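Below is data-v3.csv, holding CSV, C-alpha atoms and all ligand atoms.
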```csv
chain,number,residue,atom,x,y,z
A,1,MET,CA,45.9,-7.6,22.8
A,2,GLN,CA,43.3,-5.1,21.8
A,3,SER,CA,41.5,-3.6,24.8
A,4,VAL,CA,37.8,-2.6,24.5
A,5,SER,CA,36.5,0.4,26.5
A,6,LYS,CA,32.9,-0.2,27.7
A,7,THR,CA,32.3,3.3,29.1
A,8,PRO,CA,33.0,6.5,27.1
A,9,SER,CA,36.5,8.0,27.5
A,10,ILE,CA,36.5,11.7,27.0
A,11,ARG,CA,38.8,12.9,24.2
A,12,ILE,CA,39.6,16.4,22.9
A,13,ILE,CA,39.2,17.2,19.3
A,14,GLU,CA,42.7,18.2,18.2
A,15,LYS,CA,42.2,19.0,14.5
A,16,VAL,CA,39.3,19.4,12.1
A,17,ILE,CA,39.8,18.7,8.4
A,18,ASP,CA,37.2,19.9,5.8
A,19,GLU,CA,37.0,17.0,3.3
A,20,THR,CA,34.0,18.3,1.2
A,21,PRO,CA,31.2,20.9,1.8
A,22,THR,CA,29.3,18.3,3.9
A,23,VAL,CA,32.1,16.0,5.3
A,24,ARG,CA,34.7,16.7,8.0
A,25,THR,CA,37.4,14.6,9.7
A,26,PHE,CA,37.9,15.0,13.5
A,27,VAL,CA,41.3,13.9,14.8
A,28,ILE,CA,41.8,12.7,18.4
A,29,SER,CA,44.6,11.0,20.4
A,30,ASP,CA,43.5,7.5,21.3
A,31,ALA,CA,46.1,4.7,21.2
A,32,ASN,CA,43.4,2.0,21.4
A,33,LEU,CA,41.3,3.3,18.5
A,34,ALA,CA,44.4,4.1,16.4
A,35,ASP,CA,44.9,0.4,15.9
A,36,VAL,CA,41.4,-0.9,15.3
A,37,LEU,CA,41.0,-3.7,12.8
A,38,PRO,CA,39.4,-2.9,9.4
A,39,GLY,CA,35.6,-3.0,9.8
A,40,GLN,CA,35.6,-2.2,13.5
A,41,PHE,CA,33.7,0.8,14.8
A,42,ALA,CA,33.5,3.1,17.9
A,43,MET,CA,30.5,4.6,19.6
A,44,VAL,CA,31.0,8.4,19.6
A,45,TRP,CA,29.2,10.5,22.3
A,46,ILE,CA,28.3,14.0,21.4
A,47,PRO,CA,27.7,15.6,24.8
A,48,GLY,CA,24.0,16.6,25.3
A,49,VAL,CA,23.0,15.3,21.9
A,50,ASN,CA,23.4,11.6,21.2
A,51,GLU,CA,25.8,8.7,20.7
A,52,LEU,CA,26.5,7.5,17.1
A,53,PRO,CA,28.3,4.5,15.7
A,54,MET,CA,31.3,5.7,13.6
A,55,SER,CA,34.0,3.9,11.7
A,56,VAL,CA,37.5,4.8,12.7
A,57,MET,CA,39.6,6.7,10.1
A,58,VAL,CA,43.3,6.0,9.5
A,59,ILE,CA,45.6,8.8,10.5
A,60,PRO,CA,49.4,8.5,9.7
A,61,GLU,CA,50.6,9.8,13.1
A,62,LYS,CA,51.1,7.2,15.8
A,63,GLY,CA,48.5,7.1,18.5
A,64,LYS,CA,46.0,9.2,16.6
A,65,ALA,CA,42.5,8.2,15.4
A,66,ALA,CA,39.8,10.1,13.6
A,67,PHE,CA,36.2,10.1,12.6
A,68,THR,CA,35.0,11.3,9.2
A,69,VAL,CA,31.5,12.6,9.5
A,70,ARG,CA,28.9,13.5,6.9
A,71,LYS,CA,26.2,15.9,8.2
A,72,ARG,CA,22.8,14.3,7.8
A,73,GLY,CA,20.3,14.5,10.7
A,74,VAL,CA,20.5,16.4,14.1
A,75,SER,CA,23.1,14.2,15.7
A,76,SER,CA,25.6,14.0,12.8
A,77,THR,CA,25.2,17.7,12.2
A,78,ALA,CA,26.0,18.4,15.9
A,79,LEU,CA,29.1,16.3,15.6
A,80,TYR,CA,30.0,18.0,12.3
A,81,ASP,CA,29.7,21.4,13.9
A,82,LEU,CA,32.2,20.7,16.7
A,83,LYS,CA,35.5,22.6,16.7
A,84,ALA,CA,39.1,21.9,17.7
A,85,GLY,CA,39.2,21.9,21.5
A,86,ASP,CA,35.7,20.5,22.0
A,87,GLN,CA,35.2,17.2,23.8
A,88,ILE,CA,33.6,14.0,22.6
A,89,GLY,CA,33.3,10.6,24.3
A,90,VAL,CA,34.5,7.4,22.7
A,91,ARG,CA,34.0,3.7,23.5
A,92,GLY,CA,35.0,0.6,21.7
A,93,PRO,CA,36.3,-0.7,19.4
A,94,TYR,CA,33.4,-3.1,18.6
A,95,GLY,CA,32.6,-5.5,15.8
A,96,ASN,CA,34.4,-8.0,13.7
A,97,ALA,CA,36.8,-7.3,10.8
A,98,PHE,CA,37.2,-7.9,7.1
A,99,ASP,CA,39.0,-11.2,6.1
A,100,ILE,CA,41.7,-10.0,3.6
A,101,LYS,CA,42.3,-12.5,0.9
A,102,ASP,CA,45.4,-12.8,-1.4
A,103,GLY,CA,45.6,-11.5,-4.9
A,104,LYS,CA,43.5,-8.9,-6.7
A,105,ILE,CA,41.0,-7.2,-4.5
A,106,ALA,CA,38.4,-4.5,-5.1
A,107,LEU,CA,37.2,-2.0,-2.4
A,108,VAL,CA,33.9,-0.5,-3.3
A,109,GLY,CA,32.8,2.5,-1.2
A,110,GLY,CA,30.2,5.1,-1.2
A,111,GLY,CA,30.7,8.4,0.8
A,112,THR,CA,31.8,7.8,4.4
A,113,GLY,CA,31.6,4.0,3.7
A,114,LEU,CA,35.2,4.6,2.4
A,115,VAL,CA,36.4,5.0,6.0
A,116,PRO,CA,36.6,1.3,6.9
A,117,LEU,CA,37.8,0.5,3.4
A,118,LEU,CA,40.8,2.8,3.7
A,119,ARG,CA,41.7,1.0,6.9
A,120,LEU,CA,41.4,-2.3,5.0
A,121,ALA,CA,43.8,-0.8,2.4
A,122,LYS,CA,46.3,0.0,5.3
A,123,PHE,CA,46.1,-3.7,6.3
A,124,ALA,CA,46.5,-4.9,2.6
A,125,LYS,CA,49.2,-7.6,2.1
A,126,PRO,CA,52.3,-6.5,0.1
A,127,THR,CA,51.2,-8.8,-2.7
A,128,ASN,CA,47.6,-7.4,-2.9
A,129,ASP,CA,46.8,-5.6,-6.2
A,130,VAL,CA,44.2,-3.2,-4.9
A,131,THR,CA,41.5,-1.3,-6.9
A,132,ILE,CA,39.5,1.3,-5.0
A,133,LEU,CA,36.2,2.5,-6.4
A,134,MET,CA,34.9,5.7,-4.7
A,135,GLY,CA,31.3,6.6,-5.4
A,136,SER,CA,29.9,10.1,-4.9
A,137,LYS,CA,27.2,12.3,-6.5
A,138,SER,CA,29.5,15.0,-7.9
A,139,LYS,CA,33.1,16.4,-8.0
A,140,ASP,CA,32.4,18.5,-4.8
A,141,GLU,CA,31.8,15.3,-2.8
A,142,VAL,CA,34.9,13.3,-3.9
A,143,PHE,CA,37.3,12.9,-1.0
A,144,PHE,CA,40.1,10.5,0.2
A,145,GLU,CA,41.6,10.1,-3.3
A,146,ASP,CA,45.0,11.4,-2.0
A,147,ALA,CA,44.7,9.5,1.2
A,148,ALA,CA,44.1,6.2,-0.7
A,149,ASN,CA,47.1,6.7,-3.0
A,150,GLN,CA,49.2,7.5,0.1
A,151,ILE,CA,48.1,4.5,2.1
A,152,LEU,CA,48.6,2.2,-0.9
A,153,GLN,CA,52.0,3.7,-2.1
A,154,ASN,CA,53.8,0.3,-1.6
A,155,ASN,CA,51.1,-1.8,-3.3
A,156,LYS,CA,50.2,-2.1,-7.0
A,157,HIS,CA,46.9,-0.1,-7.0
A,158,GLN,CA,44.5,2.1,-8.8
A,159,VAL,CA,42.0,4.6,-7.3
A,160,ILE,CA,38.9,5.2,-9.4
A,161,ALA,CA,36.6,8.1,-8.5
A,162,CYS,CA,33.1,7.7,-9.9
A,163,THR,CA,30.6,10.5,-9.9
A,164,GLU,CA,26.9,10.1,-10.7
A,165,ASP,CA,26.8,13.3,-12.7
A,166,GLY,CA,30.1,12.7,-14.5
A,167,SER,CA,31.7,15.9,-13.2
A,168,TYR,CA,34.8,14.0,-12.2
A,169,GLY,CA,36.4,10.6,-12.9
A,170,GLU,CA,34.2,7.8,-14.3
A,171,LYS,CA,30.5,8.8,-14.9
A,172,GLY,CA,27.9,6.7,-13.2
A,173,PHE,CA,27.1,4.6,-10.2
A,174,VAL,CA,30.1,2.9,-8.6
A,175,THR,CA,28.2,-0.4,-9.0
A,176,ASP,CA,28.0,0.1,-12.8
A,177,VAL,CA,31.7,0.9,-13.0
A,178,LEU,CA,32.5,-2.2,-11.0
A,179,ALA,CA,30.3,-4.4,-13.2
A,180,LYS,CA,32.2,-3.1,-16.3
A,181,LEU,CA,35.6,-3.6,-14.7
A,182,ALA,CA,34.7,-7.1,-13.6
A,183,GLN,CA,34.1,-8.1,-17.2
A,184,THR,CA,37.9,-7.8,-17.9
A,185,THR,CA,39.5,-8.1,-14.4
A,186,LYS,CA,39.4,-11.3,-12.4
A,187,PHE,CA,39.1,-10.1,-8.8
A,188,ASP,CA,39.9,-12.6,-6.0
A,189,ALA,CA,37.8,-10.7,-3.4
A,190,ILE,CA,35.5,-7.7,-3.2
A,191,TYR,CA,34.9,-5.6,-0.1
A,192,THR,CA,32.2,-3.0,0.2
A,193,CYS,CA,30.8,-0.4,2.6
A,194,GLY,CA,28.3,2.4,2.0
A,195,PRO,CA,24.5,2.7,1.3
A,196,GLU,CA,22.9,-0.7,1.6
A,197,ILE,CA,21.3,-0.6,-1.9
A,198,MET,CA,24.8,-0.1,-3.3
A,199,MET,CA,26.2,-2.9,-1.2
A,200,HIS,CA,23.3,-5.2,-2.2
A,201,LYS,CA,24.2,-4.7,-5.9
A,202,VAL,CA,27.9,-5.3,-5.2
A,203,VAL,CA,27.2,-8.5,-3.3
A,204,GLN,CA,24.8,-9.8,-6.1
A,205,LEU,CA,27.4,-9.1,-8.7
A,206,ALA,CA,30.2,-10.8,-6.8
A,207,ASN,CA,28.0,-13.8,-5.9
A,208,SER,CA,26.9,-14.2,-9.6
A,209,LYS,CA,30.6,-14.5,-10.6
A,210,GLY,CA,31.6,-16.7,-7.7
A,211,ILE,CA,33.9,-14.0,-6.2
A,212,PHE,CA,34.5,-13.9,-2.4
A,213,VAL,CA,32.7,-10.8,-1.1
A,214,GLN,CA,32.2,-9.1,2.3
A,215,ALA,CA,30.1,-6.0,3.2
A,216,SER,CA,30.2,-3.9,6.3
A,217,LEU,CA,26.7,-3.0,7.3
A,218,GLU,CA,25.5,0.4,8.7
A,219,ARG,CA,22.3,-0.4,10.5
A,220,MET,CA,20.5,1.7,13.2
A,221,MET,CA,22.6,1.3,16.4
A,222,LYS,CA,21.9,2.5,19.9
A,223,CYS,CA,23.9,0.4,22.3
A,224,GLY,CA,26.6,-1.0,19.9
A,225,ILE,CA,27.1,-4.0,22.1
A,226,GLY,CA,24.3,-6.5,21.4
A,227,ILE,CA,21.8,-5.5,24.1
A,228,CYS,CA,19.1,-3.2,22.6
A,229,GLY,CA,18.3,-5.1,19.4
A,230,SER,CA,17.9,-1.9,17.3
A,231,CYS,CA,20.5,-3.2,14.7
A,232,CYS,CA,19.0,-6.6,14.3
A,233,MET,CA,18.7,-8.0,10.8
A,234,ASP,CA,17.1,-11.4,10.3
A,235,GLU,CA,18.4,-13.4,13.3
A,236,VAL,CA,21.7,-11.4,13.8
A,237,MET,CA,22.7,-8.3,15.7
A,238,VAL,CA,24.8,-6.3,13.2
A,239,CYS,CA,26.8,-4.5,16.0
A,240,HIS,CA,27.7,-7.8,17.7
A,241,ASP,CA,27.8,-10.4,15.0
A,242,GLY,CA,29.1,-8.0,12.3
A,243,THR,CA,29.3,-5.5,11.1
A,244,VAL,CA,31.1,-7.5,8.4
A,245,PHE,CA,29.2,-10.3,6.7
A,246,ASP,CA,30.1,-12.7,3.9
A,247,GLY,CA,28.3,-12.7,0.6
A,248,GLU,CA,27.0,-16.2,1.2
A,249,PHE,CA,25.2,-15.2,4.4
A,250,LEU,CA,23.9,-12.0,2.8
A,251,ALA,CA,22.5,-13.9,-0.2
A,252,ASN,CA,20.2,-15.8,2.2
A,253,SER,CA,19.1,-12.7,4.2
A,254,LYS,CA,15.5,-11.7,3.8
A,255,GLU,CA,16.2,-8.1,5.0
A,256,PHE,CA,19.6,-7.2,3.4
A,257,GLY,CA,19.0,-4.6,0.7
A,258,HIS,CA,15.2,-4.7,1.2
A,259,THR,CA,14.2,-3.5,4.7
A,260,HIS,CA,15.9,-1.8,7.7
A,261,ARG,CA,14.8,-0.8,11.2
A,262,ALA,CA,13.9,2.9,11.8
A,263,LYS,CA,14.7,4.6,15.1
A,264,SER,CA,11.4,3.3,16.6
A,265,GLY,CA,12.3,-0.3,15.6
A,266,ILE,CA,9.7,-0.7,12.9
A,267,LEU,CA,10.8,-2.3,9.6
A,268,GLU,CA,10.9,0.1,6.7
A,269,ASN,CA,11.5,-0.6,3.0
A,270,TYR,CA,14.5,0.9,1.3
B,301,LIG,C1,29.0,0.8,12.1
B,301,LIG,C2,28.6,2.1,11.6
B,301,LIG,C3,29.6,3.0,11.2
B,301,LIG,C4,29.3,4.3,10.7
B,301,LIG,N1,30.3,5.1,10.3
B,301,LIG,C5,30.0,6.3,9.9
B,301,LIG,C6,31.1,7.2,9.5
B,301,LIG,O1,32.3,6.8,9.5
B,301,LIG,N2,30.7,8.4,9.1
B,301,LIG,C7,29.4,8.9,9.1
B,301,LIG,O2,29.2,10.0,8.7
B,301,LIG,N3,28.4,8.1,9.4
B,301,LIG,C8,28.7,6.8,9.8
B,301,LIG,N4,27.7,6.0,10.2
B,301,LIG,C9,26.3,6.5,10.3
B,301,LIG,C10,26.0,7.3,11.5
B,301,LIG,O3,26.2,6.5,12.7
B,301,LIG,C11,24.6,8.0,11.6
B,301,LIG,O4,23.6,7.0,11.3
B,301,LIG,C12,24.5,9.0,10.5
B,301,LIG,O5,25.5,10.0,10.8
B,301,LIG,C13,23.1,9.8,10.6
B,301,LIG,O6,22.8,10.1,11.9
B,301,LIG,P1,21.8,11.3,12.3
B,301,LIG,O7,21.3,10.9,13.6
B,301,LIG,O8,22.4,12.6,12.1
B,301,LIG,O9,20.7,11.2,11.2
B,301,LIG,P2,19.2,10.7,11.3
B,301,LIG,O10,18.4,11.7,12.0
B,301,LIG,O11,19.2,9.3,11.8
B,301,LIG,O12,18.9,10.6,9.7
B,301,LIG,C14,18.9,11.8,8.9
B,301,LIG,C15,19.0,11.3,7.5
B,301,LIG,O13,20.2,10.6,7.2
B,301,LIG,C16,19.8,9.3,6.7
B,301,LIG,N5,20.7,8.3,7.3
B,301,LIG,C17,20.8,7.9,8.6
B,301,LIG,N6,21.7,7.0,8.8
B,301,LIG,C18,22.3,6.8,7.5
B,301,LIG,C19,23.3,6.0,7.1
B,301,LIG,N7,24.0,5.2,7.8
B,301,LIG,N8,23.6,6.1,5.7
B,301,LIG,C20,23.0,6.9,4.9
B,301,LIG,N9,22.0,7.7,5.3
B,301,LIG,C21,21.6,7.7,6.6
B,301,LIG,C22,18.4,9.0,7.2
B,301,LIG,O14,17.7,8.1,6.3
B,301,LIG,C23,17.8,10.4,7.1
B,301,LIG,O15,17.4,10.8,5.9
B,301,LIG,C24,27.9,4.7,10.7
B,301,LIG,C25,26.9,3.8,11.1
B,301,LIG,C26,27.2,2.6,11.5
B,301,LIG,C27,26.2,1.6,12.0
B,302,LIG,S1,22.9,-1.6,18.6
B,302,LIG,FE1,22.0,-2.5,20.3
B,302,LIG,S2,22.0,-4.6,19.8
B,302,LIG,FE2,23.1,-3.7,18.2
```

Let me see the structure of the file written as structure tokens.
Amino acid sequence: MQSVSKTPSIRIIEKVIDETPTVRTFVISDANLADVLPGQFAMVWIPGVNELPMSVMVIPEKGKAAFTVRKRGVSSTALYDLKAGDQIGVRGPYGNAFDIKDGKIALVGGGTGLVPLLRLAKFAKPTNDVTILMGSKSKDEVFFEDAANQILQNNKHQVIACTEDGSYGEKGFVTDVLAKLAQTTKFDAIYTCGPEIMMHKVVQLANSKGIFVQASLERMMKCGIGICGSCCMDEVMVCHDGTVFDGEFLANSKEFGHTHRAKSGILENY
């Protein structure tokens, strides 16, 4: 049975991989996090700085886990700047998991939202025909193409990189490429993680075609365990009741794709 660590365990960063000019992967040894379910996350403590929720990246070696971090604000930049040999604290895993359906499935990710989707790909059933759509701004920011092909080597699959400026792969937003693809391909399920505006469009598209859809939400989180309320959306706590929600629930949400809570707790528009 999966064990959940409620206090941070200290881990040494064993390896740092540069994915793009703004994204790095940090590898640690942690047997518990190595086997998290697709959609689950950990809280990562950056000593003296902050604690951030992070999806857990798939690493081929047994007993290893990783975090793939994009530098944004102060905390993620402090994590991004850590080196091999530095220490972090980890607790978790927390949250629920994607419900993987049979048949043709599409995984639609933007940026580091691909992390839980690659774990989903690892858990794909042998009969799943998997299409991964990877959204990024430009060629420089495309990552995980090789990792996705590697993970899905035993499945029928296609990996489609989409860049907003057309410098690599398909030109345009990942949502536009999905909409075009969905005109000719009948997907049995769609899974998404990334910026909420992107996920909102994916969910709307899937709901309009009657396709089962789930999104993993990245809301402001402080405790990660359902106490502080900073991740609350409508009547649910995203950390505790999610992070994965069905399209049916999201279609009835007043906040999904419209408003989110800032660090202070106030509601802001997207
Ligand atoms: C369940 C979960 C899993 C996550 N997994 C990952 C992961 O695998 N890799 C990763 O890099 N980050 C992940 N995040 C986001 C991460 O926890 C931080 O929110 C993010 O790194 C920014 O933190 P910051 O304090 O540096 O930036 P802040 O100071 O909070 O913000 C700086 C800028 O970044 C923007 N920003 C903040 N959070 C996000 C966000 N979630 N998406 C897009 N823009 C944002 C803000 O609007 C602001 O413009 C995850 C979040 C959740 C809730
Ligand atoms: S992050 Fe505290 S309740 Fe979800």

Tell me which protein, DNA and RNA residues are within 6 Å of stretch 172-184 of chain A, counting all atoms listed in the file, leaving out same-chain ones fewer than 3 positions away, and put them as a list in words.
Gly135, Cys162, Thr163 and Glu164 of chain A

Excluding A:Thr192 and any residue of its chain fewer than 5 positions from it, enumerate the residues within 7 Å of it, using all atoms listed in the file, and give them as number ranges by chain.
A: 107-109, 199, 214-216

Residues of chain A that have any atom at most 6 Å from an atom of ligand LIG 302 (chain B): could you tabulate them with the shortest-distance atom pair and the distance in Å to one decimal, using all atoms listed in the file, ordered by chain and increasing number, as a tab-separated table?
```
residue	atom	partner	partner_atom	distance
A:Met221	CA	B:LIG302	S1	3.7
A:Lys222	CA	B:LIG302	S1	4.4
A:Cys223	CA	B:LIG302	FE1	4.0
A:Gly224	CA	B:LIG302	S1	4.0
A:Ile225	CA	B:LIG302	FE2	5.6
A:Gly226	CA	B:LIG302	S2	3.4
A:Ile227	CA	B:LIG302	S2	4.4
A:Cys228	CA	B:LIG302	FE1	3.8
A:Gly229	CA	B:LIG302	S2	3.8
A:Ser230	CA	B:LIG302	FE1	5.1
A:Cys231	CA	B:LIG302	FE2	4.4
A:Met237	CA	B:LIG302	FE2	5.3
A:Val238	CA	B:LIG302	FE2	5.9
A:Cys239	CA	B:LIG302	FE2	4.4
```

Using C-alpha atoms, can you write the selected residues to a file as a PDB file, keeping the file's coordinate frame?
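Output (part36.pdb):
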```
ATOM      1  CA  MET A 221      22.600   1.300  16.400  1.00  0.00           C
ATOM      2  CA  LYS A 222      21.900   2.500  19.900  1.00  0.00           C
ATOM      3  CA  CYS A 223      23.900   0.400  22.300  1.00  0.00           C
ATOM      4  CA  GLY A 224      26.600  -1.000  19.900  1.00  0.00           C
ATOM      5  CA  ILE A 225      27.100  -4.000  22.100  1.00  0.00           C
ATOM      6  CA  GLY A 226      24.300  -6.500  21.400  1.00  0.00           C
ATOM      7  CA  ILE A 227      21.800  -5.500  24.100  1.00  0.00           C
ATOM      8  CA  CYS A 228      19.100  -3.200  22.600  1.00  0.00           C
ATOM      9  CA  GLY A 229      18.300  -5.100  19.400  1.00  0.00           C
ATOM     10  CA  SER A 230      17.900  -1.900  17.300  1.00  0.00           C
ATOM     11  CA  CYS A 231      20.500  -3.200  14.700  1.00  0.00           C
ATOM     12  CA  MET A 237      22.700  -8.300  15.700  1.00  0.00           C
ATOM     13  CA  VAL A 238      24.800  -6.300  13.200  1.00  0.00           C
ATOM     14  CA  CYS A 239      26.800  -4.500  16.000  1.00  0.00           C
TER      15      CYS A 239
END
```

Neighbours of A:Pro21 within 12 Å (only C-alpha atoms; same-chain residues fewer than 2 positions away dropped), as a list in words?
Ile17, Asp18, Glu19, Val23, Arg24, Thr25, Val69, Arg70, Lys71, Tyr80, Ser138, Lys139, Asp140, Glu141, Val142 and Phe143 of chain A

Selection within 6 Å of ligand LIG 301 (chain B) by all atoms listed in the file, output as a PyMOL selection string:
chain A and resi 41+52-55+67-70+72-77+112+115+195+218-221

Around the point (23.8, -8.2, -0.9) in the file's coordinates, collect all residues with an atom within 12 Å, using only C-alpha atoms, and return them as a VMD selection string.
chain A and resid 190 to 208 213 to 217 244 to 258

Using all atoms listed in the file, determine which residues lie at most 6 Å from stretch 85-102 of chain A, disregarding the query and same-chain residues fewer than 2 positions distant; provide the list as a VMD selection string.
chain A and resid 4 to 13 37 to 46 83 239 to 240 242 to 243

As an exercise, work out the distance from atom CA of A:Leu79 to atom CA of A:Lys137 in Å and give it to one decimal place.
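Separation between atom CA of A:Leu79 and atom CA of A:Lys137: 22.5 Å.
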
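When atom CA of A:Asp188 is paired with atom CA of A:Asn155, their separation reads 15.8 Å.
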
Would you compute the distance between atom CA of A:Ser136 and atom CA of A:Ser264? Give it in Å to one decimal.
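Atom CA of A:Ser264 lies 29.2 Å from atom CA of A:Ser136.
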
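With all atoms listed in the file as the atoms that count, the residue of A:Val49, A:Leu120, A:Val36, A:Leu133 with the shortest distance to A:Leu152 is A:Leu120.
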
Of the candidates A:Lys104, A:Ala84, A:Gly48, A:Gly111, which one gets nearest to A:Thr22 if we count all atoms listed in the file?
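Among A:Lys104, A:Ala84, A:Gly48, A:Gly111, it is A:Gly111 that comes nearest to A:Thr22.
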
Could you give me, as a PyMOL selection string, the residues within 6 Å of A:Phe26, counting all atoms listed in the file and dropping anything in the same chain fewer than 2 positions from it?
chain A and resi 15-16+66-67

Write to file, as a PDB file, keeping the file's coordinate frame, the residues of the selection just made, with C-alpha atoms.
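To be explicit, this is the file written out as part-v6.pdb:
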```
ATOM      1  CA  LYS A  15      42.200  19.000  14.500  1.00  0.00           C
ATOM      2  CA  VAL A  16      39.300  19.400  12.100  1.00  0.00           C
ATOM      3  CA  ALA A  66      39.800  10.100  13.600  1.00  0.00           C
ATOM      4  CA  PHE A  67      36.200  10.100  12.600  1.00  0.00           C
TER       5      PHE A  67
END
```

Expected file for stretch 57-114 of chain A keeping C-alpha atoms, as a compact mmCIF listing (two decimals), in the first residue's frame:
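Output below, filename decode_28.txt:
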```txt
# COMPACT_ATOMS: atom_id res chain seq x y z
CA MET A 57 8.22 13.21 -12.90
CA VAL A 58 8.77 9.65 -14.14
CA ILE A 59 12.38 8.45 -14.00
CA PRO A 60 13.28 5.06 -15.56
CA GLU A 61 15.60 3.96 -12.72
CA LYS A 62 13.91 2.05 -9.86
CA GLY A 63 13.45 4.01 -6.64
CA LYS A 64 14.12 7.40 -8.28
CA ALA A 65 11.72 10.33 -8.55
CA ALA A 66 12.14 13.79 -10.02
CA PHE A 67 10.67 17.28 -10.17
CA THR A 68 10.62 19.28 -13.39
CA VAL A 69 10.63 22.96 -12.52
CA ARG A 70 10.04 26.07 -14.60
CA LYS A 71 11.55 29.23 -13.09
CA ARG A 72 8.79 31.78 -12.55
CA GLY A 73 8.71 33.68 -9.23
CA VAL A 74 11.09 33.76 -6.26
CA SER A 75 10.39 30.25 -4.97
CA SER A 76 10.48 28.30 -8.23
CA THR A 77 13.63 30.22 -9.23
CA ALA A 78 15.28 29.25 -5.90
CA LEU A 79 14.41 25.61 -6.62
CA TYR A 80 15.59 25.92 -10.24
CA ASP A 81 18.94 27.32 -9.02
CA LEU A 82 19.71 24.35 -6.72
CA LYS A 83 22.64 22.11 -7.67
CA ALA A 84 23.45 18.40 -7.40
CA GLY A 85 24.36 17.73 -3.74
CA ASP A 86 21.91 20.34 -2.38
CA GLN A 87 19.07 19.28 -0.08
CA ILE A 88 15.30 19.62 -0.43
CA GLY A 89 12.44 18.34 1.74
CA VAL A 90 9.60 16.28 0.30
CA ARG A 91 6.25 15.19 1.70
CA GLY A 92 3.37 13.34 0.11
CA PRO A 93 2.18 11.98 -2.23
CA TYR A 94 -1.13 13.81 -2.07
CA GLY A 95 -4.25 14.03 -4.21
CA ASN A 96 -6.27 11.67 -6.36
CA ALA A 97 -5.40 10.16 -9.74
CA PHE A 98 -6.56 10.11 -13.36
CA ASP A 99 -9.08 7.42 -14.29
CA ILE A 100 -7.53 5.83 -17.39
CA LYS A 101 -10.17 4.65 -19.86
CA ASP A 102 -9.78 2.05 -22.63
CA GLY A 103 -9.27 2.93 -26.27
CA LYS A 104 -7.97 6.05 -27.96
CA ILE A 105 -6.84 8.65 -25.46
CA ALA A 106 -5.42 12.16 -25.88
CA LEU A 107 -3.08 13.80 -23.34
CA VAL A 108 -3.03 17.56 -23.73
CA GLY A 109 -0.32 19.41 -21.81
CA GLY A 110 1.21 22.84 -21.63
CA GLY A 111 4.72 23.34 -20.21
CA THR A 112 5.34 21.52 -16.92
CA GLY A 113 1.71 20.35 -17.05
CA LEU A 114 3.20 17.51 -19.10
```
